[in-house]
file coords-v9.tsv (TSV, C-alpha atoms)
chain	number	residue	atom	x	y	z
A	1	MET	CA	54.65	-3.03	36.70
A	2	GLY	CA	53.69	-4.06	33.17
A	3	CYS	CA	53.92	-1.86	30.12
A	4	VAL	CA	50.86	-0.76	28.11
A	5	ALA	CA	51.33	-1.42	24.41
A	6	MET	CA	51.02	1.75	22.34
A	7	LEU	CA	49.21	1.81	19.01
A	8	ALA	CA	51.21	2.88	15.98
A	9	GLN	CA	49.97	5.75	13.84
A	10	GLY	CA	46.98	4.64	11.79
A	11	ASP	CA	46.34	1.55	13.94
A	12	TYR	CA	43.00	0.89	15.58
A	13	LYS	CA	41.82	-1.36	18.38
A	14	VAL	CA	38.08	-1.87	18.82
A	15	THR	CA	36.70	-3.78	21.82
A	16	GLY	CA	33.14	-4.61	22.76
A	17	LYS	CA	30.77	-7.23	24.13
A	18	ASP	CA	28.59	-9.63	22.18
A	19	TYR	CA	24.94	-10.12	23.20
A	20	ASN	CA	24.01	-12.39	20.30
A	21	ASN	CA	25.92	-15.57	21.21
A	22	ALA	CA	27.98	-15.17	18.06
A	23	LYS	CA	31.27	-16.94	17.44
A	24	LYS	CA	32.65	-14.29	15.14
A	25	VAL	CA	31.93	-10.63	14.39
A	26	TYR	CA	32.78	-8.39	11.47
A	27	ILE	CA	33.32	-4.70	10.76
A	28	VAL	CA	31.52	-3.52	7.62
A	29	GLU	CA	31.61	-0.05	6.08
A	30	VAL	CA	28.09	1.40	6.01
A	31	GLY	CA	26.90	1.46	2.43
A	32	GLU	CA	29.27	-1.33	1.39
A	33	ASN	CA	28.87	-5.10	1.59
A	34	ALA	CA	32.58	-5.89	1.95
A	35	ARG	CA	33.89	-6.85	5.38
A	36	ILE	CA	36.78	-4.74	6.62
A	37	ASP	CA	37.88	-6.86	9.58
A	38	SER	CA	36.85	-9.88	11.65
A	39	ALA	CA	37.32	-10.98	15.24
A	40	ALA	CA	36.52	-14.06	17.28
A	41	VAL	CA	34.16	-13.75	20.24
A	42	VAL	CA	35.90	-15.03	23.37
A	43	ASN	CA	33.99	-15.21	26.66
A	44	GLY	CA	31.41	-12.79	25.30
A	45	SER	CA	33.89	-10.16	24.16
A	46	PHE	CA	35.64	-9.28	20.92
A	47	THR	CA	38.65	-7.23	19.85
A	48	PHE	CA	39.42	-5.94	16.38
A	49	LYS	CA	42.94	-4.78	15.52
A	50	GLY	CA	44.13	-3.30	12.27
A	51	ARG	CA	45.19	-0.22	10.36
A	52	ILE	CA	43.05	2.26	8.48
A	53	ALA	CA	44.00	5.01	6.01
A	54	LYS	CA	41.14	7.32	6.96
A	55	PRO	CA	38.15	7.18	9.34
A	56	LEU	CA	35.03	5.35	8.13
A	57	PHE	CA	31.42	5.14	9.24
A	58	ALA	CA	31.17	1.46	10.13
A	59	GLU	CA	28.97	-1.13	11.79
A	60	VAL	CA	29.44	-4.51	13.43
A	61	HIS	CA	27.66	-7.67	12.24
A	62	THR	CA	27.66	-11.17	13.71
A	63	ASP	CA	28.63	-14.24	11.73
A	64	GLY	CA	24.90	-14.92	11.42
A	65	GLY	CA	24.35	-11.55	9.77
A	66	ASP	CA	22.76	-9.83	12.79
A	67	PHE	CA	23.33	-6.09	13.06
A	68	MET	CA	24.98	-5.09	16.34
A	69	GLY	CA	25.59	-1.36	16.08
A	70	GLN	CA	27.39	1.52	14.39
A	71	PHE	CA	30.44	3.62	15.19
A	72	ILE	CA	33.28	5.53	13.52
A	73	LEU	CA	36.28	3.36	12.71
A	74	GLU	CA	39.30	5.61	13.18
A	75	PRO	CA	42.85	5.22	14.50
A	76	GLY	CA	43.00	4.75	18.26
A	77	ASP	CA	41.64	2.60	21.07
A	78	ILE	CA	37.86	2.44	20.60
A	79	LYS	CA	35.49	0.96	23.17
A	80	LEU	CA	31.95	0.04	22.14
A	81	PHE	CA	29.13	0.03	24.69
A	82	GLY	CA	25.64	-1.35	24.30
A	83	ASN	CA	24.09	-3.51	21.61
A	84	ASN	CA	22.16	-2.56	18.46
A	85	ASN	CA	22.70	1.08	19.39
A	86	PHE	CA	26.39	1.47	20.16
A	87	TYR	CA	27.97	4.49	21.62
A	88	ALA	CA	31.72	4.56	21.31
A	89	SER	CA	34.51	6.26	23.22
A	90	GLY	CA	38.26	6.65	23.15
A	91	THR	CA	38.82	8.48	19.87
A	92	PRO	CA	38.11	12.07	18.78
A	93	MET	CA	35.23	11.52	16.35
A	94	ASN	CA	33.47	8.93	18.48
A	95	ASP	CA	33.80	11.08	21.59
A	96	SER	CA	32.42	14.07	19.67
A	97	LEU	CA	29.38	12.12	18.54
A	98	THR	CA	28.76	10.73	22.02
A	99	ALA	CA	28.94	14.25	23.46
A	100	LEU	CA	26.47	15.50	20.84
A	101	THR	CA	24.10	12.61	21.57
A	102	ARG	CA	24.11	13.46	25.26
A	103	GLU	CA	23.52	17.15	24.52
A	104	VAL	CA	20.43	16.55	22.42
A	105	ALA	CA	19.07	13.97	24.89
A	106	VAL	CA	18.21	16.96	27.10
A	107	PHE	CA	15.60	17.99	24.52
A	108	ASP	CA	13.93	14.58	24.74
A	109	LYS	CA	13.60	15.00	28.52
A	110	GLN	CA	12.19	18.49	28.10
A	111	PHE	CA	9.62	17.17	25.64
A	112	ALA	CA	8.73	14.22	27.89
A	113	ASN	CA	8.21	16.63	30.80
A	114	GLY	CA	5.95	18.85	28.73
A	115	GLU	CA	8.39	21.76	28.81
A	116	ILE	CA	8.64	22.05	25.03
A	117	SER	CA	6.51	20.95	22.08
A	118	GLU	CA	7.58	18.23	19.64
A	119	GLU	CA	8.09	20.92	17.02
A	120	GLU	CA	10.38	22.85	19.36
A	121	LYS	CA	12.27	19.66	20.22
A	122	ASP	CA	12.88	18.92	16.54
A	123	ARG	CA	14.02	22.50	15.95
A	124	LYS	CA	16.51	22.30	18.83
A	125	TYR	CA	17.85	19.01	17.47
A	126	ALA	CA	18.36	20.58	14.05
A	127	GLU	CA	20.15	23.60	15.53
A	128	LYS	CA	22.67	21.30	17.22
A	129	VAL	CA	23.07	18.70	14.51
A	130	ILE	CA	23.24	20.68	11.26
A	131	PRO	CA	26.35	22.75	12.16
A	132	VAL	CA	28.22	19.54	13.01
A	133	VAL	CA	27.28	17.97	9.68
A	134	LYS	CA	28.31	21.12	7.80
A	135	ARG	CA	31.72	21.30	9.51
A	136	HIS	CA	32.38	17.61	8.84
A	137	LEU	CA	30.60	17.13	5.54
A	138	GLN	CA	33.60	15.37	3.99
A	139	ASP	CA	34.56	13.12	6.88
A	140	ALA	CA	33.17	10.18	8.84
A	141	LEU	CA	31.87	12.27	11.74
A	142	GLY	CA	29.67	14.24	9.36
A	143	THR	CA	28.49	11.06	7.66
A	144	ARG	CA	27.62	9.35	10.94
A	145	THR	CA	25.90	12.45	12.33
A	146	PHE	CA	23.95	13.05	9.11
A	147	TYR	CA	22.77	9.45	9.01
A	148	PHE	CA	21.93	9.18	12.70
A	149	PHE	CA	20.05	12.49	12.99
A	150	ASN	CA	18.71	13.00	9.45
A	151	TYR	CA	15.10	12.81	10.71
A	152	TYR	CA	15.53	16.29	12.22
A	153	ILE	CA	16.85	17.91	9.04
A	154	GLU	CA	14.17	19.49	6.84
A	155	LYS	CA	14.06	18.41	3.23
A	156	PHE	CA	15.69	21.38	1.49
A	157	THR	CA	18.65	21.37	3.89
A	158	PHE	CA	18.82	17.57	3.61
A	159	LYS	CA	19.08	17.75	-0.20
A	160	ASP	CA	21.76	20.44	-0.03
A	161	LEU	CA	23.87	18.52	2.52
A	162	TYR	CA	23.51	15.26	0.62
A	163	ASP	CA	24.47	16.84	-2.72
A	164	ARG	CA	27.56	18.48	-1.19
A	165	GLY	CA	28.41	15.51	0.99
A	166	SER	CA	31.19	12.95	0.92
A	167	ASP	CA	31.32	9.89	-1.30
A	168	GLN	CA	30.46	7.77	1.75
A	169	ILE	CA	27.24	9.70	2.30
A	170	LYS	CA	26.23	8.90	-1.27
A	171	LYS	CA	26.97	5.20	-0.73
A	172	ILE	CA	24.31	4.86	1.98
A	173	PRO	CA	21.09	3.52	0.40
A	174	ASP	CA	18.73	4.99	3.04
A	175	LEU	CA	20.07	8.51	2.47
A	176	LYS	CA	19.94	8.17	-1.31
A	177	ARG	CA	16.33	6.93	-1.17
A	178	LYS	CA	15.37	9.87	1.02
A	179	ARG	CA	17.11	12.35	-1.26
A	180	ASP	CA	15.38	10.82	-4.32
A	181	TYR	CA	12.06	10.98	-2.48
A	182	TYR	CA	12.54	14.67	-1.73
A	183	GLU	CA	13.48	15.28	-5.37
A	184	LEU	CA	10.29	13.57	-6.52
A	185	THR	CA	7.99	15.27	-4.02
A	186	ALA	CA	9.50	18.68	-4.90
A	187	LYS	CA	7.28	18.54	-8.00
A	188	THR	CA	4.20	18.08	-5.82
A	189	GLU	CA	5.02	20.35	-2.90
A	190	GLU	CA	2.40	22.46	-1.18
A	191	GLY	CA	1.70	25.43	-3.43
A	192	MET	CA	2.31	23.49	-6.64
A	193	MET	CA	-0.41	22.62	-9.16
A	194	PHE	CA	-1.68	19.04	-8.99
A	195	LYS	CA	-0.18	16.36	-11.21
A	196	ASP	CA	-2.65	14.08	-12.92
A	197	PHE	CA	-2.40	10.28	-13.08
A	198	GLU	CA	-4.25	7.40	-14.68
A	199	VAL	CA	-5.25	4.18	-12.93
A	200	PRO	CA	-6.96	1.39	-14.94
A	201	TYR	CA	-9.79	-0.59	-13.35
A	202	GLU	CA	-12.42	-2.85	-14.92
A	203	GLY	CA	-11.66	-1.61	-18.42
A	204	LYS	CA	-11.89	2.07	-17.50
A	205	ILE	CA	-9.30	4.76	-16.80
A	206	GLN	CA	-9.63	6.63	-13.51
A	207	ARG	CA	-7.93	10.02	-13.29
A	208	LEU	CA	-7.26	12.44	-10.46
A	209	SER	CA	-8.53	15.16	-12.80
A	210	ASP	CA	-11.97	13.53	-12.62
A	211	TYR	CA	-12.22	15.26	-9.25
A	212	VAL	CA	-9.38	17.78	-8.77
A	213	GLY	CA	-9.28	21.17	-10.50
A	214	LYS	CA	-13.05	21.32	-11.04
A	215	GLY	CA	-13.88	24.09	-8.60
A	216	LYS	CA	-14.07	22.16	-5.33
A	217	TYR	CA	-11.77	21.53	-2.40
A	218	VAL	CA	-10.72	17.88	-2.63
A	219	LEU	CA	-9.33	15.74	0.20
A	220	ILE	CA	-7.43	12.71	-1.15
A	221	ASP	CA	-6.64	9.73	1.10
A	222	PHE	CA	-4.08	7.15	-0.07
A	223	TRP	CA	-5.00	4.07	1.97
A	224	ALA	CA	-5.36	0.25	1.90
A	225	SER	CA	-7.46	-2.40	3.57
A	226	TRP	CA	-4.35	-4.03	5.06
A	227	CYS	CA	-3.08	-0.79	6.64
A	228	GLY	CA	-4.01	-0.40	10.33
A	229	PRO	CA	-3.03	3.30	10.61
A	230	CYS	CA	-5.07	3.98	7.45
A	231	LYS	CA	-8.19	2.54	9.05
A	232	LYS	CA	-7.67	4.72	12.12
A	233	GLU	CA	-7.80	7.83	9.91
A	234	ILE	CA	-11.00	6.81	8.08
A	235	PRO	CA	-13.37	8.06	10.86
A	236	ASN	CA	-11.61	11.46	10.75
A	237	ILE	CA	-12.18	11.70	7.01
A	238	ILE	CA	-15.80	10.56	7.33
A	239	GLU	CA	-16.36	13.28	9.95
A	240	VAL	CA	-14.99	15.92	7.57
A	241	TRP	CA	-17.04	14.48	4.71
A	242	ASN	CA	-20.28	14.58	6.72
A	243	ARG	CA	-19.67	18.18	7.80
A	244	TYR	CA	-18.69	19.64	4.43
A	245	LYS	CA	-20.13	17.36	1.73
A	246	ASP	CA	-22.93	19.82	0.96
A	247	ARG	CA	-20.49	22.67	0.55
A	248	ASN	CA	-17.67	23.17	-1.94
A	249	PHE	CA	-15.92	19.95	-0.88
A	250	VAL	CA	-15.39	16.31	-1.80
A	251	ALA	CA	-13.29	13.51	-0.28
A	252	ILE	CA	-11.77	10.71	-2.37
A	253	GLY	CA	-10.09	7.47	-1.32
A	254	ILE	CA	-7.26	6.05	-3.42
A	255	ALA	CA	-6.91	2.34	-2.70
A	256	THR	CA	-3.17	1.66	-2.81
A	257	ASN	CA	-1.42	-1.66	-3.49
A	258	ASP	CA	-4.62	-3.44	-2.51
A	259	LYS	CA	-6.76	-6.11	-4.11
A	260	PRO	CA	-10.03	-4.51	-5.26
A	261	GLU	CA	-12.09	-7.20	-3.53
A	262	ASP	CA	-10.31	-6.45	-0.24
A	263	THR	CA	-10.80	-2.72	-0.77
A	264	LYS	CA	-14.53	-3.22	-1.35
A	265	ALA	CA	-14.85	-5.38	1.78
A	266	SER	CA	-13.18	-2.67	3.89
A	267	ILE	CA	-15.33	0.08	2.35
A	268	LYS	CA	-18.41	-1.87	3.45
A	269	GLN	CA	-17.01	-2.74	6.87
A	270	LEU	CA	-15.93	0.85	7.61
A	271	ASN	CA	-19.05	2.41	6.06
A	272	ILE	CA	-16.99	4.70	3.84
A	273	PRO	CA	-19.46	7.02	2.04
A	274	TYR	CA	-17.16	8.91	-0.34
A	275	PRO	CA	-15.95	7.84	-3.82
A	276	GLN	CA	-12.87	5.69	-4.45
A	277	ILE	CA	-10.21	5.35	-7.10
A	278	MET	CA	-9.61	1.60	-7.12
A	279	ASN	CA	-6.59	-0.56	-7.90
A	280	ASN	CA	-3.73	1.95	-7.61
A	281	GLN	CA	-0.71	-0.34	-7.82
A	282	GLY	CA	1.82	2.47	-7.93
A	283	GLU	CA	0.60	4.66	-10.79
A	284	ALA	CA	-0.77	7.35	-8.47
A	285	SER	CA	1.66	6.87	-5.60
A	286	ASP	CA	4.71	7.36	-7.80
A	287	VAL	CA	3.43	10.69	-9.11
A	288	TYR	CA	3.19	12.05	-5.55
A	289	GLY	CA	6.30	10.34	-4.18
A	290	ILE	CA	4.28	8.36	-1.66
A	291	THR	CA	6.28	5.63	0.05
A	292	SER	CA	4.05	5.03	3.08
A	293	ILE	CA	0.36	5.29	3.86
A	294	PRO	CA	-1.91	6.77	4.98
A	295	HIS	CA	-1.00	9.89	3.04
A	296	ILE	CA	-3.68	12.57	2.97
A	297	ILE	CA	-3.58	15.63	0.69
A	298	LEU	CA	-5.89	18.65	0.41
A	299	PHE	CA	-6.28	20.35	-3.01
A	300	GLY	CA	-7.77	23.76	-3.73
A	301	PRO	CA	-10.60	24.45	-6.21
A	302	ASP	CA	-8.13	25.23	-9.01
A	303	GLY	CA	-6.03	22.13	-8.29
A	304	THR	CA	-3.35	23.77	-6.14
A	305	ILE	CA	-1.85	21.45	-3.52
A	306	LEU	CA	-2.72	23.11	-0.22
A	307	ARG	CA	-1.62	20.58	2.41
A	308	ARG	CA	0.19	17.25	2.47
A	309	TRP	CA	0.84	14.67	5.21
A	310	LEU	CA	-2.37	15.46	7.07
A	311	ARG	CA	-3.22	13.21	10.02
A	312	GLY	CA	-5.67	13.11	12.94
A	313	PRO	CA	-7.24	16.44	14.03
A	314	ASP	CA	-5.12	18.30	11.45
A	315	ILE	CA	-7.41	16.97	8.71
A	316	MET	CA	-10.44	18.83	10.05
A	317	LYS	CA	-8.35	21.90	10.93
A	318	ALA	CA	-7.01	22.18	7.38
A	319	VAL	CA	-10.44	21.89	5.77
A	320	GLU	CA	-11.94	24.35	8.28
A	321	GLU	CA	-9.15	26.82	7.49
A	322	TYR	CA	-10.15	26.96	3.83
A	323	LEU	CA	-13.91	26.39	3.99
A	324	GLY	CA	-14.61	28.18	7.26
A	325	LYS	CA	-16.08	26.71	10.43

call {"tool": "encode", "arguments": {"input": "coords-v9.tsv", "output": "structure tokens"}}
result
Amino acid sequence: MGCVAMLAQGDYKVTGKDYNNAKKVYIVEVGENARIDSAAVVNGSFTFKGRIAKPLFAEVHTDGGDFMGQFILEPGDIKLFGNNNFYASGTPMNDSLTALTREVAVFDKQFANGEISEEEKDRKYAEKVIPVVKRHLQDALGTRTFYFFNYYIEKFTFKDLYDRGSDQIKKIPDLKRKRDYYELTAKTEEGMMFKDFEVPYEGKIQRLSDYVGKGKYVLIDFWASWCGPCKKEIPNIIEVWNRYKDRNFVAIGIATNDKPEDTKASIKQLNIPYPQIMNNQGEASDVYGITSIPHIILFGPDGTILRRWLRGPDIMKAVEEYLGK
């Protein structure tokens, strides 16, 4: 009978399969560009061996630069399964994350079966995930969990966890961008007074204050002619406009990162009847921390921000709530 080689303290062994026809694969720390280790792909499989001082949140790339998946690089014998969405086993942190992933997968099934709402699903995710992040805020398990499940963490908790988190958390560009976004939008949260902006077009200055804060409810739609989801929301806004335009209400489009000639063509094609602020190339979007469109906001008569991120039927519901059915 042969003997199984034992790993020395601090040593790691990472094995997995390649589905990208690569010749070589690399371990890279998430948030860093430097390669930690490399391994040749032999008969579709690879094995990394080395030593590490402390666990790291890592990912595997091919020699061609393709992303293969993420895991926690820690001492021990780690086995990677899958491609582009690894789950790992064989070491404490990886096993803990895999167990957590399987636990929360139950909520996805409950939602798919109609047993719980999407809001309830997200709440259940947060209840499972946040305690893990808090207990491991300074180690790789907390970093990996925070990154992987950050969608389910509401903005104030996200900012707190990020600010108290490990150096590795702060190295991850996606998390930093999200934290900066939350910091920016904190100034234009629901309940805050509107922030004005200026957008030049055809020798004139267009301002949000031309419409907002003048005694009417104002629905603002950040959109563009090239944005498919934006165009899907236009009929919802037109419906609201037609119902409430003769009451204390106005809708405004803010054409975003769009050529004015393309905006005008879409206005004609979609039969948009309400006014537009043209040629916003970032001036307005930056003030409201808008990184994706459509983004629809409802303002009160005095300029208070009443609702943000309105979509679909929620647009009409929000306006009805304030103006009455």

call {"tool": "closest_atom_pairs", "arguments": {"input": "coords-v9.tsv", "of": "segment 155-212 of chain A", "to": "segment 55-63 of chain A", "cutoff": "12 Å", "atoms": "all atoms listed in the file", "output": "JSON lines"}}
result
{"residue": "A:Ser166", "atom": "CA", "partner": "A:Leu56", "partner_atom": "CA", "distance": 11.2}
{"residue": "A:Asp167", "atom": "CA", "partner": "A:Leu56", "partner_atom": "CA", "distance": 11.1}
{"residue": "A:Gln168", "atom": "CA", "partner": "A:Phe57", "partner_atom": "CA", "distance": 8.0}
{"residue": "A:Ile169", "atom": "CA", "partner": "A:Phe57", "partner_atom": "CA", "distance": 9.3}
{"residue": "A:Lys171", "atom": "CA", "partner": "A:Phe57", "partner_atom": "CA", "distance": 10.9}
{"residue": "A:Ile172", "atom": "CA", "partner": "A:Phe57", "partner_atom": "CA", "distance": 10.2}

call {"tool": "atom_distance", "arguments": {"input": "coords-v9.tsv", "atom1": "atom CA of Arg35 of chain A", "atom2": "atom CA of Ile78 of chain A"}}
result
18.3 Å

call {"tool": "residues_around", "arguments": {"input": "coords-v9.tsv", "residues": "segment 320-322 of chain A", "least_positions_apart": "3", "cutoff": "12 Å", "atoms": "all atoms listed in the file", "output": "PyMOL selection string"}}
result
chain A and resi 216-219+240-241+243-244+247-249+298-301+306-307+313-317+325

call {"tool": "residues_near_point", "arguments": {"input": "coords-v9.tsv", "point": "(38.3, 1.5, 18.0)", "cutoff": "7 Å", "atoms": "all atoms listed in the file", "output": "CSV table (one decimal) with C-alpha atoms, in the frame of the given file"}}
result
chain,number,residue,atom,x,y,z
A,12,TYR,CA,43.0,0.9,15.6
A,13,LYS,CA,41.8,-1.4,18.4
A,14,VAL,CA,38.1,-1.9,18.8
A,15,THR,CA,36.7,-3.8,21.8
A,73,LEU,CA,36.3,3.4,12.7
A,74,GLU,CA,39.3,5.6,13.2
A,75,PRO,CA,42.8,5.2,14.5
A,76,GLY,CA,43.0,4.8,18.3
A,77,ASP,CA,41.6,2.6,21.1
A,78,ILE,CA,37.9,2.4,20.6
A,79,LYS,CA,35.5,1.0,23.2

call {"tool": "closest_residue", "arguments": {"input": "coords-v9.tsv", "among": "A:Tyr182, A:Tyr26, A:Phe46, A:Tyr87", "to": "Leu100 of chain A", "atoms": "all atoms listed in the file"}}
result
A:Tyr87

call {"tool": "atom_distance", "arguments": {"input": "coords-v9.tsv", "atom1": "atom CA of Gln206 of chain A", "atom2": "atom CA of Met278 of chain A"}}
result
8.1 Å

call {"tool": "atom_distance", "arguments": {"input": "coords-v9.tsv", "atom1": "atom CA of Asn280 of chain A", "atom2": "atom CA of Lys176 of chain A"}}
result
25.3 Å

call {"tool": "closest_residue", "arguments": {"input": "coords-v9.tsv", "among": "A:Pro235, A:Gly324, A:Gly165, A:Pro229", "to": "Thr143 of chain A", "atoms": "all atoms listed in the file"}}
result
A:Gly165

call {"tool": "residues_around", "arguments": {"input": "coords-v9.tsv", "residues": "Asp122 of chain A", "least_positions_apart": "5", "cutoff": "9 Å", "atoms": "only C-alpha atoms", "output": "CSV table (one decimal) with C-alpha atoms, in the frame of the given file"}}
result
chain,number,residue,atom,x,y,z
A,107,PHE,CA,15.6,18.0,24.5
A,117,SER,CA,6.5,21.0,22.1
A,127,GLU,CA,20.2,23.6,15.5
A,151,TYR,CA,15.1,12.8,10.7
A,152,TYR,CA,15.5,16.3,12.2
A,153,ILE,CA,16.8,17.9,9.0

call {"tool": "closest_residue", "arguments": {"input": "coords-v9.tsv", "among": "A:Gly303, A:Pro92, A:Pro275, A:Pro294", "to": "Phe222 of chain A", "atoms": "only C-alpha atoms"}}
result
A:Pro294

call {"tool": "residues_near_point", "arguments": {"input": "coords-v9.tsv", "point": "(-6.0, 10.3, 7.7)", "cutoff": "6 Å", "atoms": "all atoms listed in the file", "output": "list in words"}}
result
Glu233, Ile296, Arg311 and Gly312 of chain A

call {"tool": "closest_residue", "arguments": {"input": "coords-v9.tsv", "among": "A:Phe156, A:Asp11, A:Asp196, A:Asn257", "to": "Lys54 of chain A", "atoms": "all atoms listed in the file"}}
result
A:Asp11
